[in-house]
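Participant: My file is data-v4.cif. It has mmCIF, C-alpha atoms:
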data_model
loop_
_atom_site.label_atom_id
_atom_site.label_comp_id
_atom_site.auth_asym_id
_atom_site.auth_seq_id
_atom_site.Cartn_x
_atom_site.Cartn_y
_atom_site.Cartn_z
CA MET A 1 -58.82 10.56 -3.45
CA ASP A 2 -55.93 11.01 -1.03
CA GLU A 3 -54.68 7.52 -1.85
CA LEU A 4 -54.71 8.33 -5.57
CA ARG A 5 -52.91 11.63 -4.96
CA ASN A 6 -50.24 9.90 -2.84
CA ALA A 7 -49.78 7.17 -5.47
CA ILE A 8 -49.30 9.79 -8.21
CA LYS A 9 -46.83 11.73 -6.03
CA GLU A 10 -44.85 8.60 -5.23
CA LYS A 11 -44.69 7.65 -8.91
CA THR A 12 -43.60 11.18 -9.82
CA ASP A 13 -40.90 11.19 -7.13
CA ARG A 14 -39.53 7.90 -8.43
CA SER A 15 -39.51 9.21 -11.99
CA VAL A 16 -37.74 12.43 -10.99
CA ASP A 17 -35.21 10.47 -8.93
CA ARG A 18 -34.54 8.14 -11.86
CA ILE A 19 -34.12 11.07 -14.26
CA VAL A 20 -31.75 12.91 -11.89
CA ARG A 21 -29.62 9.81 -11.33
CA THR A 22 -29.47 9.17 -15.07
CA ILE A 23 -28.47 12.75 -15.85
CA ASP A 24 -25.84 13.05 -13.10
CA SER A 25 -24.33 9.61 -13.41
CA PRO A 26 -21.47 8.51 -15.71
CA PHE A 27 -23.35 5.19 -16.02
CA THR A 28 -25.92 4.52 -18.71
CA ALA A 29 -29.58 3.99 -17.84
CA ALA A 30 -29.19 0.26 -18.42
CA ALA A 31 -26.39 0.03 -15.85
CA LEU A 32 -28.44 2.00 -13.32
CA LYS A 33 -31.62 -0.03 -13.74
CA CYS A 34 -30.06 -3.35 -12.73
CA PRO A 35 -31.45 -4.29 -9.27
CA VAL A 36 -29.01 -5.00 -6.45
CA PRO A 37 -29.33 -8.58 -5.11
CA SER A 38 -30.57 -8.76 -1.53
CA LYS A 39 -27.54 -10.78 -0.40
CA PHE A 40 -24.98 -8.56 -2.13
CA ARG A 41 -22.31 -6.98 0.09
CA LEU A 42 -19.95 -4.17 -0.88
CA PRO A 43 -16.25 -5.15 -0.77
CA GLN A 44 -14.35 -3.97 2.30
CA LEU A 45 -11.25 -2.55 0.62
CA GLU A 46 -8.85 0.24 1.41
CA GLN A 47 -10.07 3.15 -0.69
CA PHE A 48 -7.90 4.21 -3.61
CA ASP A 49 -6.57 7.76 -3.34
CA GLY A 50 -4.43 7.84 -6.48
CA LEU A 51 -1.12 7.34 -4.69
CA LYS A 52 -0.84 3.56 -5.03
CA ASP A 53 -0.79 1.12 -7.93
CA PRO A 54 -4.14 1.43 -9.81
CA LEU A 55 -3.76 -1.99 -11.43
CA ASP A 56 -3.28 -3.63 -8.04
CA HIS A 57 -6.39 -1.87 -6.71
CA LEU A 58 -8.43 -2.94 -9.72
CA ASN A 59 -7.29 -6.56 -9.49
CA THR A 60 -7.98 -6.67 -5.74
CA PHE A 61 -11.47 -5.28 -6.35
CA LYS A 62 -12.25 -7.86 -9.04
CA THR A 63 -10.89 -10.74 -6.96
CA THR A 64 -12.78 -9.72 -3.82
CA LEU A 65 -16.06 -9.01 -5.56
CA GLY A 66 -15.72 -12.06 -7.80
CA LEU A 67 -16.52 -14.29 -4.84
CA GLN A 68 -20.12 -13.03 -5.02
CA GLN A 69 -20.31 -13.36 -8.82
CA PRO A 70 -22.19 -10.07 -9.32
CA SER A 71 -23.46 -8.86 -12.67
CA ASN A 72 -21.46 -6.46 -14.82
CA GLU A 73 -23.74 -3.60 -13.85
CA ILE A 74 -23.29 -4.23 -10.12
CA MET A 75 -19.51 -4.35 -10.62
CA CYS A 76 -19.73 -0.93 -12.23
CA ARG A 77 -21.80 0.66 -9.50
CA SER A 78 -19.74 -0.91 -6.70
CA PHE A 79 -16.36 0.29 -7.94
CA PRO A 80 -16.84 4.02 -7.11
CA THR A 81 -17.34 3.11 -3.44
CA THR A 82 -13.67 2.06 -3.35
CA LEU A 83 -12.48 5.52 -4.43
CA LYS A 84 -11.88 8.62 -2.36
CA GLY A 85 -10.74 12.22 -2.57
CA THR A 86 -9.67 13.48 -5.97
CA VAL A 87 -10.12 10.01 -7.44
CA ARG A 88 -13.81 10.06 -6.62
CA GLU A 89 -14.01 13.54 -8.13
CA TRP A 90 -12.47 12.11 -11.31
CA PHE A 91 -15.27 9.55 -11.47
CA THR A 92 -18.05 12.10 -10.95
CA LYS A 93 -16.62 14.23 -13.78
CA LEU A 94 -16.75 11.42 -16.34
CA PRO A 95 -19.11 12.20 -19.24
CA THR A 96 -22.75 11.52 -18.44
CA SER A 97 -24.00 8.06 -19.49
CA SER A 98 -20.55 7.18 -20.90
CA ILE A 99 -20.03 3.95 -18.95
CA ASP A 100 -22.12 0.94 -19.97
CA ASN A 101 -20.00 -1.93 -18.62
CA PHE A 102 -17.15 -2.68 -16.23
CA GLU A 103 -14.61 -3.08 -19.03
CA GLN A 104 -15.16 0.54 -20.05
CA LEU A 105 -14.89 1.73 -16.45
CA SER A 106 -11.70 -0.28 -15.87
CA SER A 107 -10.14 1.10 -19.04
CA SER A 108 -10.96 4.71 -18.15
CA PHE A 109 -9.64 4.21 -14.61
CA LEU A 110 -6.30 2.71 -15.71
CA CYS A 111 -5.76 5.21 -18.52
CA HIS A 112 -6.18 8.11 -16.11
CA PHE A 113 -4.16 6.77 -13.16
CA VAL A 114 -1.53 4.67 -14.88
CA GLY A 115 1.08 7.30 -13.96
CA GLY A 116 0.96 6.04 -10.39
CA GLN A 117 1.46 2.43 -11.39
CA CYS A 118 4.43 0.76 -9.70
CA SER A 119 7.19 -0.22 -12.09
CA LYS A 120 9.05 -3.49 -11.55
CA ARG A 121 12.75 -3.46 -10.68
CA PRO A 122 15.34 -5.34 -12.77
CA ALA A 123 16.66 -8.66 -11.44
CA ASP A 124 20.10 -7.19 -10.64
CA HIS A 125 18.40 -5.09 -7.94
CA LEU A 126 18.65 -8.16 -5.71
CA LEU A 127 22.45 -7.80 -5.75
CA THR A 128 22.09 -4.60 -3.72
CA ILE A 129 20.47 -6.44 -0.81
CA LYS A 130 23.06 -7.30 1.81
CA GLN A 131 22.71 -8.63 5.34
CA GLY A 132 23.89 -6.04 7.86
CA GLU A 133 26.80 -6.83 10.17
CA LYS A 134 24.47 -7.03 13.18
CA GLU A 135 21.29 -7.91 11.29
CA THR A 136 19.63 -11.21 12.19
CA LEU A 137 19.14 -13.86 9.55
CA ARG A 138 15.37 -13.62 10.05
CA SER A 139 15.40 -9.90 9.30
CA TYR A 140 17.52 -10.45 6.18
CA VAL A 141 15.24 -13.22 4.87
CA LYS A 142 12.15 -11.05 5.35
CA ARG A 143 13.77 -8.09 3.62
CA PHE A 144 15.08 -10.17 0.73
CA THR A 145 11.68 -11.85 0.23
CA ARG A 146 9.90 -8.49 0.25
CA GLU A 147 12.31 -7.04 -2.32
CA THR A 148 11.92 -10.10 -4.56
CA LEU A 149 8.22 -9.29 -4.97
CA GLU A 150 9.21 -5.97 -6.57
CA VAL A 151 11.50 -7.59 -9.16
CA ASP A 152 10.28 -8.40 -12.65
CA GLU A 153 10.33 -12.11 -13.57
CA VAL A 154 13.13 -13.29 -11.30
CA ASP A 155 13.89 -17.02 -11.55
CA ASP A 156 14.98 -19.50 -8.88
CA GLU A 157 18.65 -19.52 -9.87
CA VAL A 158 18.94 -15.73 -9.66
CA GLN A 159 17.26 -15.72 -6.25
CA LEU A 160 19.63 -18.40 -4.93
CA THR A 161 22.74 -16.64 -6.23
CA THR A 162 21.82 -13.16 -5.00
CA PHE A 163 20.54 -14.43 -1.64
CA LYS A 164 23.84 -16.24 -0.91
CA ALA A 165 25.85 -13.24 -2.14
CA GLY A 166 24.22 -11.01 0.46
CA LEU A 167 24.66 -13.35 3.45
CA LYS A 168 26.85 -12.41 6.43
CA SER A 169 25.76 -15.25 8.76
CA ARG A 170 29.00 -17.28 8.93
CA GLU A 171 27.55 -20.53 10.27
CA PHE A 172 24.78 -20.53 7.67
CA VAL A 173 27.22 -19.78 4.81
CA ILE A 174 29.42 -22.72 5.89
CA SER A 175 26.36 -24.99 5.94
CA LEU A 176 25.39 -23.92 2.42
CA THR A 177 28.91 -24.62 1.17
CA LYS A 178 28.77 -28.18 2.50
CA ASN A 179 25.28 -28.92 1.21
CA PRO A 180 24.12 -26.26 -1.29
CA PRO A 181 20.34 -26.17 -1.94
CA LYS A 182 19.15 -26.38 -5.55
CA LYS A 183 15.88 -24.52 -5.06
CA MET A 184 14.96 -21.32 -3.23
CA ALA A 185 12.36 -23.27 -1.25
CA GLU A 186 15.14 -25.55 0.03
CA MET A 187 17.22 -22.50 0.92
CA LEU A 188 14.40 -21.04 3.00
CA LEU A 189 13.85 -24.36 4.80
CA LYS A 190 17.52 -24.49 5.77
CA ALA A 191 17.41 -20.83 6.78
CA GLN A 192 14.42 -21.53 9.04
CA LYS A 193 16.53 -23.90 11.19
CA TYR A 194 19.21 -21.25 11.70
CA MET A 195 16.61 -18.56 12.36
CA ASN A 196 15.06 -20.73 15.07
CA ALA A 197 18.51 -21.26 16.58
CA GLU A 198 19.14 -17.50 16.54
CA ASP A 199 15.81 -16.87 18.26
CA ALA A 200 16.60 -19.46 20.94
CA LEU A 201 20.03 -17.96 21.65
CA ALA A 202 18.54 -14.46 21.80
CA ALA A 203 15.92 -15.68 24.31
CA ILE A 204 18.66 -17.26 26.48
CA LYS A 205 20.66 -14.02 26.45
CA ASP A 206 17.57 -12.06 27.49
CA VAL A 207 16.99 -14.42 30.40
CA GLU A 208 20.64 -14.13 31.46
CA LYS A 209 20.49 -10.33 31.29
CA THR A 210 17.31 -10.32 33.36
CA GLY A 211 18.96 -12.64 35.88
CA ASP A 212 22.08 -10.49 36.12
CA LYS A 213 19.98 -7.37 36.65
CA GLY A 214 17.97 -9.11 39.35
CA ALA A 215 21.13 -10.32 41.12
CA LYS A 216 22.66 -6.86 41.03
CA GLU A 217 19.47 -5.32 42.38
CA ASP A 218 19.33 -7.86 45.24
CA ASP A 219 22.98 -7.17 46.03
CA ARG A 220 22.36 -3.42 46.06
CA ARG A 221 19.41 -3.79 48.40
CA GLY A 222 21.45 -6.05 50.70
CA ARG A 223 24.20 -3.45 50.97
CA LYS A 224 21.68 -0.79 51.86
CA ARG A 225 20.38 -2.87 54.73
CA GLU A 226 23.91 -3.28 56.08
#
Taking this structure as input, can you express it in the form of structure tokens?
Facilitator:
Amino acid sequence: MDELRNAIKEKTDRSVDRIVRTIDSPFTAAALKCPVPSKFRLPQLEQFDGLKDPLDHLNTFKTTLGLQQPSNEIMCRSFPTTLKGTVREWFTKLPTSSIDNFEQLSSSFLCHFVGGQCSKRPADHLLTIKQGEKETLRSYVKRFTRETLEVDEVDDEVQLTTFKAGLKSREFVISLTKNPPKKMAEMLLKAQKYMNAEDALAAIKDVEKTGDKGAKEDDRRGRKRE
């Protein structure tokens, strides 16, 4: 008798839980019923708070989760775990049972947060990047490369022209004049040689400074003993 009563209670609890989840959730019953595979692992992503590019977050999510090849329903139910703060509140306030597949969820997400999407800069933005008078070539290359990622559809010729226009490293400029590279990849290979030389010279100067300081300290101690 007790076993029967417990079985009925357990079945009732499951039914109530299923009804509550269906009522409260923006997902349809079909999306909620799909079982989670035993080997499935949630993606370890930085949670989206609405301040960054929503398209980048969505693409990162799809790429990361795509390695496990989950079903459409699992994609849907995994995505809210990558949201936080007001963004998660946005998800919970979506109409009940309005999301049946990941395409719908993606569309709703982008439509709501597209205002925070990063806009690409025009190609002439690269002309504003100049190497500082005391800036190392390595620092300039890193900065230029980072800025290039924010420019919309910049080709190799534009990169070469704007990169050379911003250079202040005299020795490197002379080298480029003698043997100008035709591709940006060639430019970066040549730059790497000069960056390595800069690093080596900087290391030598540091050693010399350390040696001078040590010599001065020894001399000061010797005078004290006298």
Participant: Pick out the residues sitting within 12 Å of Ala185 (chain A), and hand them over as a short mmCIF file (atom, residue, chain, number, x, y, z; two decimals) with C-alpha atoms, keeping the file's coordinate frame; count all atoms listed in the file, and ignore anything fewer than 3 positions along from it in its own chain.
Facilitator:
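The result, written out as around28.cif:
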data_model
loop_
_atom_site.label_atom_id
_atom_site.label_comp_id
_atom_site.auth_asym_id
_atom_site.auth_seq_id
_atom_site.Cartn_x
_atom_site.Cartn_y
_atom_site.Cartn_z
CA THR A 145 11.68 -11.85 0.23
CA ASP A 156 14.98 -19.50 -8.88
CA GLU A 157 18.65 -19.52 -9.87
CA GLN A 159 17.26 -15.72 -6.25
CA LEU A 160 19.63 -18.40 -4.93
CA PRO A 181 20.34 -26.17 -1.94
CA LYS A 182 19.15 -26.38 -5.55
CA LEU A 188 14.40 -21.04 3.00
CA LEU A 189 13.85 -24.36 4.80
CA LYS A 190 17.52 -24.49 5.77
CA ALA A 191 17.41 -20.83 6.78
CA GLN A 192 14.42 -21.53 9.04
#
Participant: Kindly indicate which residue among A:Arg170, A:Arg77, A:Lys142, A:Lys183 lies nearest to Ala29 (chain A), using only C-alpha atoms for the distances.
Facilitator: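 Nearest to Ala29 (chain A): A:Arg77.
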Participant: Run through the PyMOL selection byres ((chain A and resi 46-52) around 6) on the given coordinates and return the selected residues as a PyMOL selection string.
Facilitator: chain A and resi 45+53+82-84+87
Participant: Which residue is closest to Pro95 (chain A)? Choose from A:Thr161, A:Gln68, A:Ser108, A:Thr148 and count only C-alpha atoms.
Facilitator: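 Smallest distance to Pro95 (chain A) is found for A:Ser108.
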Participant: Name the residues that the PyMOL selection byres ((chain A and resi 163-169) around 8) picks from the file above, as a list of chain:residue names, using the file's chain letters and numbers.
Facilitator: A:Leu126, A:Leu127, A:Thr128, A:Ile129, A:Lys130, A:Gln131, A:Gly132, A:Glu133, A:Leu137, A:Phe144, A:Gln159, A:Leu160, A:Thr161, A:Thr162, A:Arg170, A:Glu171, A:Phe172, A:Val173
Participant: Which is closest to Thr136 (chain A) among A:Phe61, A:Phe40, A:Phe27, A:Tyr194, if we use only C-alpha atoms?
Facilitator: A:Tyr194
Participant: Excluding Arg121 (chain A) and residues on its chain fewer than 4 positions from it, collect all residues at most 8 Å away from it, counting all atoms listed in the file, and give them as an mmCIF file with C-alpha atoms, keeping the file's coordinate frame.
Facilitator:
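Output below, filename selection12.cif:
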data_model
loop_
_atom_site.group_PDB
_atom_site.id
_atom_site.type_symbol
_atom_site.label_atom_id
_atom_site.label_comp_id
_atom_site.auth_asym_id
_atom_site.auth_seq_id
_atom_site.Cartn_x
_atom_site.Cartn_y
_atom_site.Cartn_z
ATOM 1 C CA HIS A 125 18.400 -5.090 -7.940
ATOM 2 C CA GLU A 150 9.210 -5.970 -6.570
ATOM 3 C CA VAL A 151 11.500 -7.590 -9.160
ATOM 4 C CA ASP A 152 10.280 -8.400 -12.650
#
Participant: List as a ChimeraX atom specification the protein and nucleic acid residues near Thr28 (chain A), meaning an atom at most 7 Å away when all atoms listed in the file are counted, but skip any in the same chain fewer than 3 places from it.
Facilitator: /A:22,31-32,97-100
Participant: Using CA of Pro26 (chain A) and CA of Cys76 (chain A) as the two end points, give the distance in Å to one decimal.
Facilitator: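 Taking CA of Pro26 (chain A) as the start and CA of Cys76 (chain A) as the end point, the length is 10.2 Å.
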Participant: Take CA of Leu67 (chain A) and CA of Phe102 (chain A) and report the distance between them in Å, one decimal.
Facilitator: 16.3 Å
